[in-house]
Structure formats: structure tokens, C-alpha cells
file model_34.cif (mmCIF, C-alpha atoms)
data_upload
loop_
_atom_site.label_atom_id
_atom_site.label_comp_id
_atom_site.auth_asym_id
_atom_site.auth_seq_id
_atom_site.Cartn_x
_atom_site.Cartn_y
_atom_site.Cartn_z
CA MET A 1433 1.04 -8.20 -13.71
CA ARG A 1434 4.00 -7.14 -11.62
CA ASP A 1435 3.39 -5.92 -8.10
CA PHE A 1436 4.70 -6.37 -4.61
CA ASN A 1437 3.42 -9.68 -3.28
CA ILE A 1438 2.28 -9.55 0.32
CA PRO A 1439 0.71 -12.85 1.38
CA GLY A 1440 -0.58 -11.46 4.68
CA GLU A 1441 -1.12 -13.06 8.06
CA CYS A 1442 -0.10 -16.67 7.39
CA LEU A 1443 -2.09 -19.04 9.59
CA VAL A 1444 -0.84 -22.62 9.41
CA LYS A 1445 -3.52 -25.30 9.50
CA VAL A 1446 -3.19 -29.07 9.30
CA LYS A 1447 -5.63 -31.78 8.37
CA GLY A 1448 -5.26 -35.42 9.17
CA THR A 1449 -6.55 -38.43 10.95
CA GLY A 1450 -5.27 -40.45 13.86
CA ALA A 1451 -3.69 -38.23 16.49
CA LEU A 1452 -5.14 -35.10 14.87
CA LEU A 1453 -8.65 -36.49 15.26
CA ALA A 1454 -7.83 -37.18 18.87
CA ALA A 1455 -6.44 -33.65 19.31
CA ALA A 1456 -9.71 -32.31 17.97
CA GLY A 1457 -11.53 -34.28 20.61
CA LEU A 1458 -13.38 -36.30 18.01
CA ILE A 1459 -12.39 -39.75 19.22
CA SER A 1460 -11.21 -41.41 22.34
CA GLY A 1461 -10.39 -44.78 20.92
CA SER A 1462 -10.59 -46.19 17.43
CA VAL A 1463 -10.33 -43.97 14.39
CA VAL A 1464 -13.30 -43.57 12.10
CA ASP A 1465 -12.00 -44.42 8.64
CA GLY A 1466 -12.15 -41.58 6.15
CA SER A 1467 -12.80 -38.83 8.63
CA ALA A 1468 -10.24 -36.16 9.29
CA ALA A 1469 -9.88 -33.03 11.37
CA LEU A 1470 -8.79 -29.62 10.06
CA LEU A 1471 -7.05 -27.86 12.92
CA GLU A 1472 -5.24 -24.58 13.44
CA LEU A 1473 -1.59 -25.23 14.15
CA GLY A 1474 -0.61 -21.62 14.66
CA LEU A 1475 0.93 -18.32 13.65
CA THR A 1476 4.62 -17.80 13.02
CA ALA A 1477 7.18 -15.41 14.42
CA ASP A 1478 8.33 -14.47 10.92
CA ASN A 1479 7.76 -15.65 7.39
CA VAL A 1480 6.92 -19.20 6.37
CA GLN A 1481 9.56 -20.39 3.95
CA VAL A 1482 8.45 -22.68 1.10
CA SER A 1483 11.41 -24.34 -0.60
CA PRO A 1484 10.67 -26.67 -3.51
CA ARG A 1485 13.43 -29.12 -4.34
CA LEU A 1486 13.18 -30.35 -7.88
CA TYR A 1487 15.12 -33.34 -9.13
CA HIS A 1488 16.40 -33.97 -12.62
CA ALA A 1489 18.43 -36.60 -14.37
CA ASP A 1490 20.79 -35.77 -17.17
CA ILE A 1491 20.95 -37.83 -20.34
CA PRO A 1492 24.48 -37.56 -21.65
CA VAL A 1493 25.31 -38.18 -25.27
CA ASP A 1494 28.83 -38.64 -26.46
CA ASP A 1495 28.26 -36.11 -29.21
CA TYR A 1496 27.55 -33.49 -26.53
CA GLY A 1497 30.76 -34.08 -24.72
CA PRO A 1498 31.22 -35.09 -21.10
CA ASN A 1499 29.75 -32.09 -19.36
CA VAL A 1500 26.56 -30.94 -21.02
CA PRO A 1501 23.51 -33.22 -21.21
CA ALA A 1502 21.61 -33.55 -24.45
CA GLU A 1503 18.37 -33.93 -22.53
CA VAL A 1504 17.16 -33.57 -19.00
CA LEU A 1505 14.51 -35.71 -17.37
CA ALA A 1506 12.22 -34.32 -14.73
CA MET A 1507 12.38 -36.67 -11.76
CA LEU A 1508 9.66 -35.33 -9.49
CA GLY A 1509 10.36 -33.17 -6.51
CA GLU A 1510 9.62 -32.51 -2.93
CA ALA A 1511 9.15 -29.38 -0.89
CA PHE A 1512 10.30 -28.20 2.48
CA VAL A 1513 8.18 -25.76 4.46
CA SER A 1514 10.02 -24.06 7.33
CA MET A 1515 8.34 -22.04 10.01
CA ARG A 1516 8.91 -20.70 13.50
CA LEU A 1517 5.69 -21.18 15.44
CA ILE A 1518 5.05 -18.63 18.16
CA HIS A 1519 1.26 -18.49 18.73
CA TYR A 1520 0.35 -22.13 18.38
CA ASP A 1521 -1.72 -24.95 19.76
CA PRO A 1522 0.75 -27.25 21.53
CA ILE A 1523 -1.65 -30.21 21.46
CA VAL A 1524 -2.04 -29.94 17.68
CA LEU A 1525 1.74 -29.69 17.36
CA ASP A 1526 2.11 -32.77 19.55
CA ALA A 1527 -0.39 -34.59 17.34
CA CYS A 1528 1.54 -33.64 14.18
CA ILE A 1529 4.75 -34.91 15.73
CA ALA A 1530 3.01 -38.09 16.83
CA GLU A 1531 1.72 -38.75 13.31
CA SER A 1532 5.17 -38.06 11.88
CA MET A 1533 6.57 -40.66 14.28
CA GLY A 1534 4.31 -43.29 12.75
CA GLY A 1535 1.19 -42.60 14.71
CA SER A 1536 0.99 -42.45 18.47
CA SER A 1537 -0.79 -45.20 20.32
CA LEU A 1538 -3.91 -43.72 21.84
CA ALA A 1539 -4.08 -46.37 24.51
CA GLY A 1540 -4.29 -44.75 27.89
CA VAL A 1541 -5.57 -41.47 26.50
CA GLY A 1542 -8.56 -40.41 28.48
CA SER A 1543 -11.75 -38.82 27.34
CA PRO A 1544 -11.03 -36.14 24.77
CA LEU A 1545 -13.29 -33.78 26.60
CA SER A 1546 -11.79 -34.27 30.03
CA GLY A 1547 -8.96 -32.40 31.61
CA THR A 1548 -7.89 -35.34 33.67
CA SER A 1549 -4.43 -36.76 33.57
CA GLY A 1550 -3.93 -38.61 30.33
CA GLY A 1551 -6.82 -36.74 28.73
CA LEU A 1552 -6.34 -34.79 25.56
CA ASN A 1553 -6.25 -31.49 27.38
CA SER A 1554 -3.05 -32.59 29.01
CA PHE A 1555 0.29 -33.02 27.36
CA THR A 1556 0.49 -36.65 28.38
CA GLY A 1557 -1.96 -37.53 25.59
CA PHE A 1558 0.87 -37.69 23.06
CA ALA A 1559 3.88 -38.83 24.97
CA GLY A 1560 6.42 -39.38 22.19
CA THR A 1561 5.76 -43.08 21.76
CA LEU A 1562 7.53 -44.50 18.73
CA ALA A 1563 5.91 -46.71 16.13
CA PRO A 1564 7.71 -49.97 15.32
CA ALA A 1565 10.71 -49.64 13.04
CA GLY A 1566 9.65 -49.78 9.44
CA THR A 1567 6.11 -48.46 9.94
CA PRO A 1568 5.04 -46.84 6.66
CA LEU A 1569 3.55 -43.38 6.94
CA MET A 1570 1.21 -43.93 4.00
CA GLY A 1571 0.55 -47.66 4.29
CA TYR A 1572 -0.96 -47.90 0.80
CA LYS A 1573 -3.81 -45.67 1.88
CA ASN A 1574 -5.25 -42.37 0.79
CA ILE A 1575 -4.69 -39.24 2.79
CA PHE A 1576 -7.15 -39.09 5.72
CA ALA A 1577 -7.77 -42.82 5.67
CA SER A 1578 -7.26 -44.61 8.93
CA GLY A 1579 -3.67 -45.76 9.11
CA CYS A 1580 -2.25 -43.05 6.84
CA HIS A 1581 -0.05 -40.76 8.93
CA PHE A 1582 0.67 -38.10 6.34
CA MET A 1583 -1.01 -34.77 6.92
CA SER A 1584 -2.22 -32.02 4.65
CA LEU A 1585 -0.38 -28.81 5.45
CA ASN A 1586 -2.14 -25.52 4.69
CA VAL A 1587 -0.56 -22.06 4.78
CA LEU A 1588 -3.17 -19.34 4.43
CA SER A 1589 -2.64 -16.04 2.63
CA PRO A 1590 -5.53 -13.67 3.40
CA VAL A 1591 -4.08 -10.56 1.76
CA LEU A 1592 -2.66 -12.00 -1.46
CA ASN A 1593 -5.33 -14.74 -1.48
CA TYR A 1594 -2.71 -17.25 -2.66
CA PRO A 1595 -2.70 -20.02 -0.06
CA TYR A 1596 -0.57 -23.13 -0.26
CA ARG A 1597 -1.66 -26.67 0.43
CA PHE A 1598 0.80 -29.54 0.62
CA PRO A 1599 -1.50 -32.55 0.70
CA MET A 1600 1.05 -35.15 1.79
CA SER A 1601 3.34 -33.78 4.47
CA TYR A 1602 5.10 -34.80 7.64
CA ILE A 1603 7.68 -33.49 10.04
CA PRO A 1604 11.00 -35.24 9.38
CA GLY A 1605 12.36 -34.12 12.74
CA ASP A 1606 15.41 -32.30 11.44
CA PRO A 1607 15.33 -29.55 12.34
CA LEU A 1608 12.70 -29.56 15.07
CA GLY A 1609 13.49 -27.36 18.02
CA ILE A 1610 11.21 -26.87 21.00
CA PRO A 1611 12.79 -24.40 23.44
CA PHE A 1612 11.96 -24.54 27.14
CA GLY A 1613 12.42 -21.50 29.32
CA THR A 1614 10.82 -18.46 30.89
CA GLU A 1615 10.46 -16.70 27.53
CA ARG A 1616 7.73 -17.63 25.04
CA SER A 1617 8.64 -20.70 23.06
CA VAL A 1618 9.31 -20.23 19.38
CA VAL A 1619 9.29 -23.67 17.81
CA ASP A 1620 11.40 -24.32 14.73
CA VAL A 1621 9.58 -26.79 12.51
CA ARG A 1622 10.44 -27.90 9.01
CA TRP A 1623 7.87 -29.94 7.13
CA ARG A 1624 8.59 -32.21 4.21
CA ALA A 1625 5.99 -32.50 1.46
CA LEU A 1626 5.96 -35.35 -1.03
CA PRO A 1627 4.00 -35.91 -4.25
CA TYR A 1628 0.50 -37.22 -3.69
CA ASP A 1629 -1.48 -39.31 -6.11
CA PRO A 1630 -4.85 -40.26 -4.67
CA VAL A 1631 -6.21 -43.78 -4.85
CA PRO A 1632 -8.10 -44.70 -6.87
CA SER A 1633 -6.75 -42.72 -9.76
CA GLN A 1634 -6.49 -43.22 -13.41
CA GLY A 1635 -9.36 -45.67 -13.12
CA LEU A 1636 -7.43 -47.95 -10.82
CA THR A 1637 -9.19 -49.90 -8.10
CA THR A 1638 -6.11 -50.88 -6.13
CA PHE A 1639 -3.26 -48.79 -4.89
CA GLU A 1640 -0.37 -48.22 -7.23
CA PHE A 1641 2.48 -45.72 -7.10
CA ARG A 1642 2.05 -43.55 -10.18
CA SER A 1643 3.69 -40.17 -10.61
CA GLN A 1644 1.51 -38.85 -13.40
CA ASN A 1645 -0.64 -35.97 -12.10
CA ALA A 1646 0.78 -36.37 -8.61
CA VAL A 1647 0.32 -33.17 -6.64
CA LEU A 1648 3.18 -31.68 -4.67
CA TRP A 1649 1.25 -28.56 -3.82
CA ASP A 1650 -1.83 -26.65 -4.90
CA HIS A 1651 -3.59 -23.46 -3.87
CA GLN A 1652 -6.90 -24.86 -2.63
CA PRO A 1653 -6.74 -25.09 1.13
CA ASP A 1654 -8.61 -27.81 2.98
CA MET B 779 -14.29 21.61 11.77
CA ALA B 780 -12.98 25.14 11.92
CA ARG B 781 -9.48 26.06 13.04
CA ASP B 782 -9.09 27.04 16.68
CA PHE B 783 -6.73 26.88 19.59
CA HIS B 784 -7.03 23.60 21.43
CA ILE B 785 -6.97 23.64 25.19
CA PRO B 786 -7.64 20.22 26.69
CA GLY B 787 -8.06 21.58 30.19
CA GLU B 788 -7.36 20.15 33.61
CA CYS B 789 -6.13 16.68 32.85
CA LEU B 790 -7.00 14.13 35.52
CA VAL B 791 -5.36 10.75 35.06
CA GLN B 792 -7.66 7.82 35.81
CA VAL B 793 -6.84 4.15 35.68
CA LYS B 794 -8.74 0.89 35.70
CA GLY B 795 -7.39 -2.61 36.04
CA ARG B 796 -8.28 -6.24 36.56
CA SER B 797 -11.36 -7.00 38.60
CA ASP B 798 -9.40 -8.45 41.55
CA SER B 799 -7.09 -5.48 41.89
CA GLY B 800 -7.32 -2.29 43.91
CA ILE B 801 -8.32 -0.40 40.76
CA ALA B 802 -11.10 -2.69 39.65
CA SER B 803 -13.30 0.38 39.27
CA LEU B 804 -12.17 3.54 37.55
CA SER B 805 -9.80 5.21 40.01
CA GLU B 806 -8.17 8.59 40.13
CA LEU B 807 -4.40 8.34 39.83
CA GLY B 808 -3.76 12.04 40.01
CA LEU B 809 -2.91 15.37 38.45
CA SER B 810 0.32 16.24 36.71
CA ASP B 811 2.44 19.31 37.22
CA ASN B 812 3.05 19.81 33.49
CA PRO B 813 1.47 18.59 30.25
CA VAL B 814 0.74 14.95 29.68
CA THR B 815 2.56 13.98 26.52
CA VAL B 816 1.09 11.37 24.20
CA THR B 817 3.52 10.15 21.54
CA PRO B 818 2.33 7.60 18.98
CA VAL B 819 5.12 5.37 17.71
CA PHE B 820 4.47 4.15 14.21
CA HIS B 821 6.20 1.08 12.81
CA HIS B 822 6.84 1.05 9.10
CA ASP B 823 8.88 -1.20 6.86
CA ASP B 824 10.49 0.00 3.69
CA ILE B 825 10.22 -2.05 0.52
CA ASN B 826 13.36 -1.50 -1.48
CA VAL B 827 13.78 -2.41 -5.11
CA ASP B 828 17.12 -2.39 -6.81
CA ALA B 829 15.63 -0.46 -9.71
CA TRP B 830 14.59 2.31 -7.29
CA GLY B 831 17.98 2.94 -5.81
CA GLU B 832 18.25 3.78 -2.12
CA ALA B 833 14.76 5.19 -1.61
CA PRO B 834 11.88 2.85 -0.82
CA ALA B 835 9.38 2.23 -3.59
CA GLU B 836 6.68 1.40 -1.10
CA ILE B 837 6.07 1.43 2.65
CA GLN B 838 4.28 -1.15 4.73
CA VAL B 839 2.45 -0.23 7.88
CA MET B 840 3.48 -2.56 10.71
CA LEU B 841 1.10 -1.38 13.42
CA ALA B 842 1.87 1.10 16.17
CA GLU B 843 2.10 1.72 19.88
CA VAL B 844 1.97 4.80 22.09
CA ARG B 845 4.33 6.27 24.67
CA ILE B 846 2.75 8.41 27.34
CA SER B 847 4.56 10.39 29.99
CA PHE B 848 3.43 12.66 32.76
CA THR B 849 4.69 13.85 36.12
CA LEU B 850 2.41 13.27 39.07
CA ILE B 851 2.23 15.99 41.71
CA GLN B 852 -1.13 15.42 43.41
CA PHE B 853 -1.81 11.73 43.35
CA ASP B 854 -3.17 8.70 45.14
CA ARG B 855 -0.18 6.70 46.34
CA SER B 856 -2.12 3.44 46.73
CA VAL B 857 -3.40 3.69 43.14
CA LEU B 858 0.13 4.31 41.89
CA ASP B 859 1.33 1.30 43.89
CA THR B 860 -1.34 -0.86 42.26
CA CYS B 861 -0.27 0.36 38.83
CA LEU B 862 3.30 -0.56 39.66
CA ARG B 863 2.25 -4.00 40.87
CA LEU B 864 0.23 -4.63 37.70
CA SER B 865 3.12 -3.54 35.52
CA MET B 866 5.34 -6.00 37.39
CA GLY B 867 2.99 -8.90 36.72
CA PHE B 868 0.82 -8.34 39.81
CA PRO B 869 2.80 -9.92 42.64
CA SER B 870 1.15 -10.24 46.03
CA ALA B 871 2.49 -6.98 47.39
CA ILE B 872 4.25 -3.84 46.20
CA GLY B 873 7.99 -4.31 46.06
CA GLN B 874 7.72 -8.01 45.26
CA LEU B 875 8.41 -9.64 41.92
CA SER B 876 6.35 -12.04 39.88
CA ARG B 877 7.93 -15.06 38.23
CA ALA B 878 10.17 -14.48 35.24
CA GLY B 879 8.20 -14.62 32.02
CA THR B 880 4.86 -13.58 33.51
CA ARG B 881 2.62 -12.28 30.76
CA LEU B 882 0.94 -8.93 31.14
CA GLY B 883 -2.07 -9.87 29.03
CA GLY B 884 -2.28 -13.46 30.19
CA ASN B 885 -4.30 -14.51 27.17
CA VAL B 886 -7.50 -13.21 28.79
CA ALA B 887 -9.76 -10.26 28.08
CA ARG B 888 -9.47 -6.77 29.50
CA PHE B 889 -10.04 -6.46 33.26
CA VAL B 890 -10.23 -10.24 33.72
CA PRO B 891 -7.96 -11.60 36.47
CA GLY B 892 -4.75 -12.58 34.74
CA ASN B 893 -4.74 -9.52 32.48
CA ASN B 894 -2.39 -7.02 34.10
CA PHE B 895 -2.71 -4.27 31.53
CA ILE B 896 -4.09 -0.98 32.77
CA GLY B 897 -6.77 1.12 31.16
CA LEU B 898 -5.21 4.59 31.11
CA ASN B 899 -7.63 7.52 30.87
CA PHE B 900 -7.07 11.27 30.58
CA THR B 901 -9.88 13.74 31.03
CA SER B 902 -10.16 16.83 28.86
CA PRO B 903 -12.89 18.97 30.38
CA ILE B 904 -12.41 22.04 28.18
CA ASP B 905 -11.67 20.52 24.77
CA ASN B 906 -13.97 17.63 25.59
CA LYS B 907 -11.63 15.15 23.90
CA PRO B 908 -10.55 12.65 26.54
CA TRP B 909 -8.10 9.90 25.74
CA ARG B 910 -8.36 6.22 26.61
CA PHE B 911 -5.56 3.72 26.08
CA PHE B 912 -6.87 0.19 26.49
CA PHE B 913 -3.73 -1.76 27.31
CA ALA B 914 -1.08 0.28 29.03
CA TYR B 915 1.68 -0.43 31.53
CA LEU B 916 4.47 1.41 33.27
CA MET B 917 7.56 0.91 31.22
CA ASP B 918 11.16 1.19 32.29
CA PRO B 919 11.96 3.46 34.04
CA PRO B 920 8.40 3.33 35.44
CA ALA B 921 8.70 6.12 37.93
CA THR B 922 11.28 8.02 39.89
CA PHE B 923 10.60 8.58 43.58
CA PRO B 924 12.22 11.61 45.19
CA LEU B 925 12.51 11.18 48.94
CA THR B 926 12.59 14.69 50.30
CA THR B 927 11.04 17.17 52.69
CA ARG B 928 9.55 18.92 49.70
CA LYS B 929 6.49 17.69 47.79
CA SER B 930 7.15 14.58 45.70
CA ILE B 931 6.94 15.03 41.97
CA ILE B 932 7.01 11.66 40.27
CA PRO B 933 7.72 11.36 36.55
CA THR B 934 6.14 8.27 35.00
CA GLN B 935 6.58 6.56 31.63
CA TRP B 936 3.83 4.46 30.09
CA ARG B 937 3.49 2.32 27.03
CA ALA B 938 0.21 1.39 25.34
CA VAL B 939 0.30 -1.63 23.03
CA PRO B 940 -2.21 -3.40 20.77
CA TYR B 941 -2.66 -6.43 22.99
CA THR B 942 -4.77 -9.28 21.62
CA THR B 943 -5.51 -12.85 22.58
CA ASP B 944 -5.64 -13.83 18.90
CA PRO B 945 -3.39 -12.08 16.38
CA TRP B 946 -5.19 -13.93 13.55
CA GLN B 947 -8.64 -12.33 14.28
CA GLY B 948 -10.37 -14.58 11.80
CA GLY B 949 -8.00 -13.67 9.01
CA VAL B 950 -8.17 -9.87 9.24
CA GLY B 951 -5.25 -9.48 11.65
CA ALA B 952 -5.10 -6.03 13.24
CA ALA B 953 -7.58 -4.42 10.82
CA ASN B 954 -9.74 -1.86 12.69
CA TYR B 955 -8.04 -2.62 16.01
CA ALA B 956 -8.49 0.33 18.38
CA LEU B 957 -5.18 1.39 19.92
CA TRP B 958 -6.86 4.34 21.60
CA ASP B 959 -10.18 6.14 21.55
CA HIS B 960 -11.82 9.18 23.12
CA ILE B 961 -14.35 7.52 25.39
CA LEU B 962 -13.39 7.19 29.03
CA ASP B 963 -13.68 3.93 30.91
CA SER B 964 -16.60 3.81 33.33
#

call {"tool": "encode", "arguments": {"input": "model_34.cif", "output": "C-alpha cells"}}
result
Amino acid sequence: MRDFNIPGECLVKVKGTGALLAAAGLISGSVVDGSAALLELGLTADNVQVSPRLYHADIPVDDYGPNVPAEVLAMLGEAFVSMRLIHYDPIVLDACIAESMGGSSLAGVGSPLSGTSGGLNSFTGFAGTLAPAGTPLMGYKNIFASGCHFMSLNVLSPVLNYPYRFPMSYIPGDPLGIPFGTERSVVDVRWRALPYDPVPSQGLTTFEFRSQNAVLWDHQPD
Amino acid sequence: MARDFHIPGECLVQVKGRSDSGIASLSELGLSDNPVTVTPVFHHDDINVDAWGEAPAEIQVMLAEVRISFTLIQFDRSVLDTCLRLSMGFPSAIGQLSRAGTRLGGNVARFVPGNNFIGLNFTSPIDNKPWRFFFAYLMDPPATFPLTTRKSIIPTQWRAVPYTTDPWQGGVGAANYALWDHILDS
């Protein structure tokens, strides 16, 4: 039924392992496989923009001439979620950036419950360390498994009750703007969401890239 | 309630601020020489639909704030100075500045050190309907100081806003947030 659609106060939450577990204070060293932390990333200065990008491939047929395809193939898609964070947890944001960089080394991070230098209450916990070139973000693992650096991105919708969940997301870094100054920081972040097919699926026991039933987004938040 | 004339009465302005300030307890700011004016400022957004032409088909409420003005004639100068300091981010002394970007709320609760908002109270002894604004500050121009041989009459401009440490409020946002009420601070 037609009506105005007002999603409401959109809180952005993220779920993941690795640096997000550390940001939640759940670990100080090794990651417990299979566990993940659901954390509040923050509220935005204006609307969250969800932009699906769908890909197609034309099948030309000579009988149809050079310009119009006789058939079109659906070739999956991805989504971009843009937001301007204004009331946010900077440690969670740091953890998301660290995971998007291939996972930050937690060596040298102090006790997650301490406020000492290097501890997770300080910004030195996630210092922008790069992972080696070629580090896979998924690593043939399910979301929330140790070593998988994708995150599940949730955008809540308390008025319309139509939340979004992008189960396999990361921050590609363009654009990512973190202003420094005397005014409150409004951080421009654009997430990239890719199709997710959990392992095992379709009765498989080993990982295999299969696009059937892959989920780009759903409406069941973590 | 039946119709009647409404006469608030002698309106004493009282203020209360953070617990480490000179107005940590409810303090008398003063009396005004003319009415205190309370002006709610509502924020609304139109929703326009092409099929509905130029008029909005619906309106969204986008919260509100309040502007209060009064002119002090019999007042406590030290209390006014403290209000000015709080509105400037609570520097060490009157006339000084705080660092650029200092927050008035400071992400802490009312009256906690770090929260520079002022509880602004107006008595109403005849109508028995006092006003309390929880988070107020002196807005620009905060006050005008006549230096003269005559008595000083100081016009002041205040703004009361719906300050919160958490705009999410567990998913209900600003629902049932009290911008003002009619119970004086104690």
C-alpha cells in the first residue's frame, strides 16, 4: 500500500570478528573462532544512502541488430552504503577500518579493559597497520570465522521497521574522510557490500564460490 | 478547565548549574522590568509530492527549541556572571574564553561538571504555573550592559535546547523528551 516511507532514527551497527572483538573488549590476544561482536557504530548527520549496483550482460543476436540485446543475463550485483557519521564510537570505527585493511595485528594491544597506552580504550590500539599485499578479506571462511575480515553491516529502521543488513561488507577507503578540527567530526564513510553465500551451503562440505542464493542484503538485522 | 484571565504574577528568575559552579544550588538571578517572553520554536519539514502541487501533503515534526528573553533590573551580578561563564564554556574567570569547540553539554548529565547548560526557572506565584527549562544558555547577543549613572537594565536572550547524551535513546529517539515542564528545580 502506498504511503510515505519514514525509516526513522537509523542506528548503524556492525558485527564481526578480529578487531571488532578486540574493540568490544572480548579478547586481548588470539581470536576465538566463530565468535563475533555486534557493536554500535553510530548515528549519522543525515540520511544513510543505500545504492545497489546491479550488473547485466547482454546477449546480442544478429537478427536483433547491433544495438538491442535479445536477452539479458543477470550478473550479480553489489551495493554501496554511504553515511556521514556524527555520533559514533571512534574505536569501533577504527576496528572497521582495521578489518577493511586486512585485519590489524593485535600485537602490542594492551588489556581490553585497561585505559593504559596501547590498551583498547586508547586510539593506539588500531594504528593503521597494513596487512601484507594480497591478503584476502574472506580467506575461504564464513563470516565471523577467525580470519574473515568482512563485516555484517546493519542499518536499523525503528519507525518503518524495515532494517537493512549487508552480511558481507567492508570499507573500500574511497571515499573515507575523517576531519580533524575544533568542530565535531563528521566522518564520510562508504561501505561496499558483496554477495554472501555461507559455507557449507548446498550440502557442500568445503568452500566453493557459488552465486545461487547468495545474499547481497536482507532485512533481518544481526 | 474554565476560561479565565491568566496572571502569572511576580516572576523571579532562578538558575541552577553544574555542581562545581557558583550556582550549584538553585540561585536567584533576578527580577525583570517587563514580561518574560517564552517563545517555542517548532521545526517542521514539509513533504511535497508532485501530484499535490506546491502545498505539502504531509508535515514531519523535527523537534523544537525555545527562545526566552527578559530584561533584568534587580539582579545578582555574580549569578549573572556565572551564567555568562557557563554559556561561554565555563572558563576560569568571567571575561575569559574557553577553547574553540568546547561543548556545552559535554556528554554528561545535568549539573555534572562538564555540563555547562543552565537550568532556567521562572516562578509564577499567582497563576501557580512555573516554568523550568532544563538545558538553557545565553545566546548571542547574551546581554547588553549599559554603563551609566542610572540603574542598569540588562536585556538577556536565552535558548533552551533538547540536549541529550544519546540521540538514539534505545531506538525511540526524542519520543517523550521533556523540553520544559512546570516543576521548579530544587

call {"tool": "resolve_selection", "arguments": {"input": "model_34.cif", "expression": "the PyMOL selection byres ((chain A) within 10 of (chain B))", "output": "PyMOL selection string"}}
result
chain A and resi 1436+1438+1440-1443+1474-1475+1519+1588-1591+1613-1616

call {"tool": "residues_around", "arguments": {"input": "model_34.cif", "residues": "A:Gly1534", "least_positions_apart": "3", "cutoff": "12 Å", "atoms": "all atoms listed in the file", "output": "PyMOL selection string"}}
result
chain A and resi 1450-1451+1527-1531+1537+1560-1571+1579-1583+1602-1604

call {"tool": "resolve_selection", "arguments": {"input": "model_34.cif", "expression": "the PyMOL selection byres ((chain B and resi 860-865) around 9)", "output": "PyMOL selection string"}}
result
chain B and resi 793+795-796+799-801+855-859+866-875+882+893-896+914-917+920-921

call {"tool": "resolve_selection", "arguments": {"input": "model_34.cif", "expression": "the PyMOL selection byres ((chain B and resi 904) around 12)", "output": "number ranges by chain"}}
result
B: 783-789, 901-903, 905-908

call {"tool": "atom_distance", "arguments": {"input": "model_34.cif", "atom1": "atom CA of A:Ser1617", "atom2": "atom CA of A:Val1524"}}
result
15.1 Å

call {"tool": "atom_distance", "arguments": {"input": "model_34.cif", "atom1": "atom CA of A:Leu1508", "atom2": "atom CA of A:Tyr1572"}}
result
19.4 Å

call {"tool": "atom_distance", "arguments": {"input": "model_34.cif", "atom1": "atom CA of A:Met1515", "atom2": "atom CA of A:Asn1593"}}
result
19.3 Å

call {"tool": "residues_around", "arguments": {"input": "model_34.cif", "residues": "stretch 922-939 of chain B", "least_positions_apart": "6", "cutoff": "10 Å", "atoms": "all atoms listed in the file", "output": "PDB file with C-alpha atoms, in the coordinates of the input"}}
result
ATOM      1  CA  SER B 810       0.320  16.240  36.710  1.00  0.00           C
ATOM      2  CA  ASP B 811       2.440  19.310  37.220  1.00  0.00           C
ATOM      3  CA  THR B 815       2.560  13.980  26.520  1.00  0.00           C
ATOM      4  CA  VAL B 816       1.090  11.370  24.200  1.00  0.00           C
ATOM      5  CA  THR B 817       3.520  10.150  21.540  1.00  0.00           C
ATOM      6  CA  PRO B 818       2.330   7.600  18.980  1.00  0.00           C
ATOM      7  CA  VAL B 819       5.120   5.370  17.710  1.00  0.00           C
ATOM      8  CA  LEU B 841       1.100  -1.380  13.420  1.00  0.00           C
ATOM      9  CA  ALA B 842       1.870   1.100  16.170  1.00  0.00           C
ATOM     10  CA  GLU B 843       2.100   1.720  19.880  1.00  0.00           C
ATOM     11  CA  VAL B 844       1.970   4.800  22.090  1.00  0.00           C
ATOM     12  CA  ARG B 845       4.330   6.270  24.670  1.00  0.00           C
ATOM     13  CA  ILE B 846       2.750   8.410  27.340  1.00  0.00           C
ATOM     14  CA  SER B 847       4.560  10.390  29.990  1.00  0.00           C
ATOM     15  CA  PHE B 848       3.430  12.660  32.760  1.00  0.00           C
ATOM     16  CA  THR B 849       4.690  13.850  36.120  1.00  0.00           C
ATOM     17  CA  LEU B 850       2.410  13.270  39.070  1.00  0.00           C
ATOM     18  CA  ILE B 851       2.230  15.990  41.710  1.00  0.00           C
ATOM     19  CA  GLN B 852      -1.130  15.420  43.410  1.00  0.00           C
ATOM     20  CA  PHE B 853      -1.810  11.730  43.350  1.00  0.00           C
ATOM     21  CA  LEU B 858       0.130   4.310  41.890  1.00  0.00           C
ATOM     22  CA  SER B 865       3.120  -3.540  35.520  1.00  0.00           C
ATOM     23  CA  PHE B 895      -2.710  -4.270  31.530  1.00  0.00           C
ATOM     24  CA  ILE B 896      -4.090  -0.980  32.770  1.00  0.00           C
ATOM     25  CA  GLY B 897      -6.770   1.120  31.160  1.00  0.00           C
ATOM     26  CA  LEU B 898      -5.210   4.590  31.110  1.00  0.00           C
ATOM     27  CA  ARG B 910      -8.360   6.220  26.610  1.00  0.00           C
ATOM     28  CA  PHE B 911      -5.560   3.720  26.080  1.00  0.00           C
ATOM     29  CA  PHE B 912      -6.870   0.190  26.490  1.00  0.00           C
ATOM     30  CA  PHE B 913      -3.730  -1.760  27.310  1.00  0.00           C
ATOM     31  CA  ALA B 914      -1.080   0.280  29.030  1.00  0.00           C
ATOM     32  CA  TYR B 915       1.680  -0.430  31.530  1.00  0.00           C
ATOM     33  CA  LEU B 916       4.470   1.410  33.270  1.00  0.00           C
ATOM     34  CA  LEU B 957      -5.180   1.390  19.920  1.00  0.00           C
ATOM     35  CA  TRP B 958      -6.860   4.340  21.600  1.00  0.00           C
TER      36      TRP B 958
END

call {"tool": "closest_residue", "arguments": {"input": "model_34.cif", "among": "A:Met1507, A:Ala1577, A:Ala1455, A:Val1513", "to": "A:Pro1607", "atoms": "all atoms listed in the file"}}
result
A:Val1513

call {"tool": "closest_residue", "arguments": {"input": "model_34.cif", "among": "A:Lys1445, A:Arg1642, A:His1651, A:Arg1624", "to": "A:Ser1514", "atoms": "all atoms listed in the file"}}
result
A:Arg1624

call {"tool": "residues_around", "arguments": {"input": "model_34.cif", "residues": "A:Tyr1628", "least_positions_apart": "5", "cutoff": "6 Å", "atoms": "all atoms listed in the file", "output": "ChimeraX atom specification"}}
result
/A:1600,1646-1647
